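Asker: Below is the structure I would like to discuss, written out as structure tokens.
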Amino acid sequence: MLSLLATGCSNKSSLESFAQTKGEDIMQPVNSKFQFNGFTEYWQNLYENRISYGNLFRINVRELDKSILKAKVSVAEDLGIPGLQMQEGFLNGLFNTAYELIENPSAASLNAAIKSEKNIFVIVDSETETGKKLLGNYNPQSFAEALSSYQAQAEDFTRVHAFILSNSKKKLYVVASKEKKYLDNFKLMVSNTEKILAEYDLKKGWFGAQTLIKSVTCTPGTPIELIGKGMNEGNSWFVFDGYMEFLAQKEIENWVSEVNLPVVTDVGFSPIYGCENYDELQVQSMFTPDAWIKYAKEKKGYVFTPVYNPEAKDLQYDGYIAHAGNIDQINNDNKPFIASTGSLINGATTSMVVFNKKNEPFTKAALWNAIINKREVAVLEEGKMMGPALYRNALQLLLLDRIYLETYFNDRVNINAFTKGNKAYITIINTGLKNIDGNLTVRLPKQLSLRGDSTTPVNITAGNTKELVFDIEPSTKALGRPNAIYFEYNWGGKSKLTVALMEPPPAISVHELLYGSSSGVTYPISVYNFSAKDAVAVKVAVAEKNNSSNIVFEKEQTLTVPVSTYKTWELDLKLPPGSYTVNVSALGVTEATQLGIESSNGAAKANEVDLNNDGISEYNMENDHVRVTLLTTGARVIEYIVKSKNDNLLFKLWPEKPVDDRRPYRNREFYPYGGFEDFLGQPSIETHKVYDAEVVKKEGAYVQVKMKASYYGNVIEKIFTLYGNSPLLEIRFALSMKNAELSMLGPQPILEIGKVHGPEDKFIIPEMDGLKEYRMMQDKYYGRAFFINEGWNAGYDTKEDISFAGAFPVKQPIFLHMWMNHPVNPGSHYYYAEFQPWTPLFQNTTTYFSYYMWGAGGGWEQSVKALRDRNLITVR
């Protein structure tokens with residue numbers, strides 16, 4: 001025993017003596033240099049750091065300093081002055097002071113000129129006595145030669161040095177070379193650049209910026225956030241063309257006008273832009289170039305074409321869609337052009353600069369006037385430019401100068417802003433060499449209010465950062481929509497601007513359409529607290545649909561909900577069969593649910609199976625009318641079989657795989673399992689996810705299966721309910737999103753009514769101006785976006801006499817999207833039809849959505865009537 005005690009004490013003492021070993025983790029990754037100056041399929045200069053970590057991790061990164069110098073060499077070559085090396089700030093200093101131009105002076109005449117009050121712009125032959133004296137005070141080093149660039153090997157490569165000499169009173173702006181034609185060329189370009197800057201303002205912008213706010217496809221950012229980032233870079237204008245983004249034309253204009261943003265915005269969809277509106281544009285049904293041209297002209301817009309487009313040679317286009325590979329044509333064909341910025345995730349490295357007459361307002365009309373009249377330059381990655389030589393060369397000279405442009409766009413101050421809950425956060429960074437004293441002003445739309453002063457003094461020393469926080473109070477009119485918050489920092493006659501997005505969710509989130517049994521229906525409510533107090537009183541009242549004064553159920557509850565968070569409250573409603581309206585009120589807001597209740601009768605059953613023996617469960621749900629099969633993979637309905645016709649109304653490929661399953665990155669595209677599934681992203685984040693599932697009710701008047709999954713904190717729950725006395729299948733969604741890009745849900749039945757999907761299938765849509773019928777095209781795929789008057793769509797196989805009807809809340813989706821697929825589709829080689837109600841999702845709450853399916857033998861009218869009889873057809 002004594003021995004054990006001694007050992008224990010000894011071990012304790014020994015363990016306390018241990019400390020973490022200092023390993024080699026502080027060592028830098030291994031960096032090997034790689035350089036190439038020569039010809040592959042084109043002439044290029046490449047400077048890279050080839051970095052390895054742990055031997056197996058490998059990444060190649062451009063050498064920043066050499067890549068910048070390489071770009072300067074390329075600019076000089078494009079200017080027609082190979083070997084030009086200009087000291088940064090040369091033009092900035094020259095253009096901002098009075099100067100006298102002197103060419104090839106003698107030493108005596110230059111000494112005499114120095115006595116004047118003006119600075120001197122000296123153009124001199126470097127081989128003359130004066131040139132040698134001036135160069136003697138300058139330490140030249142050719143970038144091209146130092147970089148071993150291929151340009152330095154050219155026979156006509158001649159050093160041209162532009163540099164600044166100064167004393168306590170005066171500056172000499174010297175350009176020296178032994179080649180007269182280069183000196184003359186430089187003088188002309190400087191003169192042209194000075195004239196252009198005197199006549200025009202530089203208006204930088206992003207053309208073809210993409211945010212996809214109106215699409216199930218995902219990319220970072222919203223128009224407000226993208227405008228904020230662009231304004232920080234000095235942008236004055238934005239043209240958006242993400243998929244279906246033209247639908248946001250009025251919304252974007254409204255966001256800008258609400259806080260009086262000093263920017264111009266427009267929208268389009270390649271190849272058409274600048275239209276007065278985009279009413280009735282169906283981008284998936286524009287089958288010919290003539291259709292695009294006709295639409296653009298009718299809407300007083302513009303239409304563009306790729307430089308290489310054999311179909312376009314006899315058509316009237318307004319200009320080119322620029323591509324870096326067509327830089328020669330863009331520079332020389334004397335036609336207007338546009339160059340796309342794309343999405344933030346792809347870098348937003350392409351911009352355009354238009355030249356707007358000084359003292360003239362910069363408007364949307366002025367923007368298009370500059371583009372169509374060819375006062376424009378496209379700026380690509382690494383400063384490559386294309387456009388008319390007069391304007392392009394001016395910008396290229398200014399890029400070599402650097403200081404002029406950074407001063408013009410106030411680059412040395414950066415501001416970034418974002419919101420979280422009811423707070424706005426802004427960071428101001430002074431990357432310059434001087435301290436700055438200024439004021440930050442906040443401007444809000446009327447639906448937001450600020451606690452505290454709207455203007456705050458902000459002083460920032462050189463190289464430092466200031467962070468500020470503002471308390472913002474949203475009103476009910478700010479909920480469930482984007483709101484812009486404008487920040488302007490002013491100092492020393494200069495300013496930097498940005499805008500932040502505040503998008504509080506709806507105060508109350510409920511199912512807008514719901515069905516249940518008289519034995520009880522679960523009714524979830526999510527409450528977002530946008531107020532300043534944690535206690536939130538919630539009231540629920542259920543009334544007969546056609547007699548709102550007859551309240552059949554009431555309940556009030558005070559919930560504790562921390563400010564800027566949400567809480568879910570579930571009720572179990574037991575109501576007699578009938579049609580009802582549920583009103584939920586809190587924080588001055590009321591939301592309603594259209595509710596149908598059926599009597600608790602009929603018989604259904606559900607069970608867990610493994611149909612393809614892969615170890616992943618499927619679930620069968622069945623009654624006398626239909627047999628439904630659910631996959632836990634993607635939480636989808638894979639079969640909806642109408643027993644009287646022995647027909648699955650849904651296209652099904654599973655358990656087979658698509659023929660191109662092994663194609664590289666196949667999972668990054670739409671992957672056709674089939675059935676009733678959802679688009680949440682493209683491809684959907686749900687496609688291959690196996691959900692946790694449970695049978696909630698396995699037999700009785702209805703059966704129910706719940707499936708749930710978390711996608712890195714984004715939680716999706718689906719509840720599938722089959723009622724025992726009819727073909728009615730309910731799919732309830734509850735989506736709690738953390739990732740802002742996951743902002744649109746596209747639930748859809750992939751329909752193959754009858755044995756095959758063919759022209760015998762007709763589809764009926766309740767559009768705003770009446771019922772419309774659509775059928776497949778046997779030679780092509782196509783799509784449409786419908787703005788509907790009632791919340792349903794139907795299909796009918798005219799040969800096999802079988803119908804489908806789907807119902808959903810009409811006001812919740814932004815539109816109903818139809819897609820008629822065809823085997824020529826490179827992502828899905830099959831015939832079927834899709835009908836997706838594209839439904840917005842919100843962060844910081846749970847979004848609820850419900851979809852109802854009804855399939856039966858006979859015409860579509862009786863299927864829609866069956867849904868209407870159950871209070872499942874909503875009306876706008």
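Within each chain, counting starts at residue 1; across the structure tokens, chains are named A, B, ... in the order shown, with ligands numbered 1 upward in that order.
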List every residue of range 54-96 of chain A that has an atom at most 12 Å from any atom of range 39-47 of chain A, and for each one report the closest atom pair and its distance in Å to one decimal, counting only C-alpha atoms, with rows sorted by chain and then by increasing residue number, as JSON lines.
Answerer:
```
{"residue": "A:Asn60", "atom": "CA", "partner": "A:Tyr47", "partner_atom": "CA", "distance": 9.9}
{"residue": "A:Val61", "atom": "CA", "partner": "A:Tyr47", "partner_atom": "CA", "distance": 8.7}
{"residue": "A:Arg62", "atom": "CA", "partner": "A:Tyr47", "partner_atom": "CA", "distance": 6.0}
{"residue": "A:Glu63", "atom": "CA", "partner": "A:Tyr47", "partner_atom": "CA", "distance": 5.6}
{"residue": "A:Leu64", "atom": "CA", "partner": "A:Tyr47", "partner_atom": "CA", "distance": 8.5}
{"residue": "A:Asp65", "atom": "CA", "partner": "A:Tyr47", "partner_atom": "CA", "distance": 9.4}
{"residue": "A:Lys66", "atom": "CA", "partner": "A:Tyr47", "partner_atom": "CA", "distance": 6.6}
{"residue": "A:Ser67", "atom": "CA", "partner": "A:Tyr47", "partner_atom": "CA", "distance": 6.6}
{"residue": "A:Ile68", "atom": "CA", "partner": "A:Tyr47", "partner_atom": "CA", "distance": 10.3}
{"residue": "A:Leu69", "atom": "CA", "partner": "A:Tyr47", "partner_atom": "CA", "distance": 10.5}
{"residue": "A:Lys70", "atom": "CA", "partner": "A:Asn45", "partner_atom": "CA", "distance": 7.1}
{"residue": "A:Ala71", "atom": "CA", "partner": "A:Asn45", "partner_atom": "CA", "distance": 9.4}
{"residue": "A:Lys72", "atom": "CA", "partner": "A:Asn45", "partner_atom": "CA", "distance": 11.9}
{"residue": "A:Val73", "atom": "CA", "partner": "A:Asn45", "partner_atom": "CA", "distance": 10.0}
{"residue": "A:Ser74", "atom": "CA", "partner": "A:Asn45", "partner_atom": "CA", "distance": 9.5}
```
Asker: Just the residues within 10 Å of Asp328 in chain A, please, counting only C-alpha atoms, with nothing from its chain fewer than 4 positions along; format it as a PDB file with all heavy atoms, in the first residue's frame.
Answerer:
```
ATOM      1  N   ALA A 324     -12.418  38.397 -73.586  1.00  0.00           N
ATOM      2  CA  ALA A 324     -10.973  38.680 -73.627  1.00  0.00           C
ATOM      3  C   ALA A 324     -10.320  38.092 -74.866  1.00  0.00           C
ATOM      4  O   ALA A 324      -9.330  38.631 -75.371  1.00  0.00           O
ATOM      5  CB  ALA A 324     -10.307  38.136 -72.366  1.00  0.00           C
ATOM      6  N   ASN A 332     -10.896  47.310 -82.470  1.00  0.00           N
ATOM      7  CA  ASN A 332     -10.760  47.832 -83.833  1.00  0.00           C
ATOM      8  C   ASN A 332     -12.047  47.906 -84.642  1.00  0.00           C
ATOM      9  O   ASN A 332     -12.059  48.534 -85.703  1.00  0.00           O
ATOM     10  CB  ASN A 332      -9.740  46.984 -84.610  1.00  0.00           C
ATOM     11  CG  ASN A 332      -8.353  47.046 -83.988  1.00  0.00           C
ATOM     12  OD1 ASN A 332      -7.824  48.132 -83.741  1.00  0.00           O
ATOM     13  ND2 ASN A 332      -7.763  45.893 -83.709  1.00  0.00           N
ATOM     14  N   ASP A 333     -13.142  47.272 -84.171  1.00  0.00           N
ATOM     15  CA  ASP A 333     -14.345  47.213 -85.014  1.00  0.00           C
ATOM     16  C   ASP A 333     -15.272  48.415 -84.873  1.00  0.00           C
ATOM     17  O   ASP A 333     -16.293  48.496 -85.555  1.00  0.00           O
ATOM     18  CB  ASP A 333     -15.144  45.941 -84.712  1.00  0.00           C
ATOM     19  CG  ASP A 333     -14.550  44.717 -85.384  1.00  0.00           C
ATOM     20  OD1 ASP A 333     -13.474  44.840 -86.001  1.00  0.00           O
ATOM     21  OD2 ASP A 333     -15.163  43.639 -85.300  1.00  0.00           O
ATOM     22  N   MET A 386      -9.911  46.898 -72.983  1.00  0.00           N
ATOM     23  CA  MET A 386     -10.326  46.919 -74.382  1.00  0.00           C
ATOM     24  C   MET A 386     -11.362  48.010 -74.574  1.00  0.00           C
ATOM     25  O   MET A 386     -12.121  48.335 -73.661  1.00  0.00           O
ATOM     26  CB  MET A 386     -10.851  45.562 -74.826  1.00  0.00           C
ATOM     27  CG  MET A 386     -11.969  44.956 -74.027  1.00  0.00           C
ATOM     28  SD  MET A 386     -12.482  43.382 -74.758  1.00  0.00           S
ATOM     29  CE  MET A 386     -12.493  42.329 -73.330  1.00  0.00           C
ATOM     30  N   GLY A 387     -11.351  48.570 -75.767  1.00  0.00           N
ATOM     31  CA  GLY A 387     -12.257  49.654 -76.080  1.00  0.00           C
ATOM     32  C   GLY A 387     -11.602  50.612 -77.057  1.00  0.00           C
ATOM     33  O   GLY A 387     -10.460  50.396 -77.504  1.00  0.00           O
TER      34      GLY A 387
END
```
Asker: How many Å lie between CA of Met385 in chain A and CA of Phe337 in chain A, rounded to one decimal?
Answerer: 12.7 Å
Asker: Record the distance separating CA of Tyr640 in chain A and CA of Val626 in chain A, expressed in Å with one decimal.
Answerer: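 Those two atoms sit 6.7 Å apart.
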Asker: Distance CA of Pro505 in chain A-CA of Val216 in chain A, one decimal place?
Answerer: 18.6 Å
Asker: Which residue, A:Ala794, A:Ile345, A:Ile716, A:Ala76, has the smallest gap to Tyr182 in chain A when you use only C-alpha atoms?
Answerer: A:Ala76
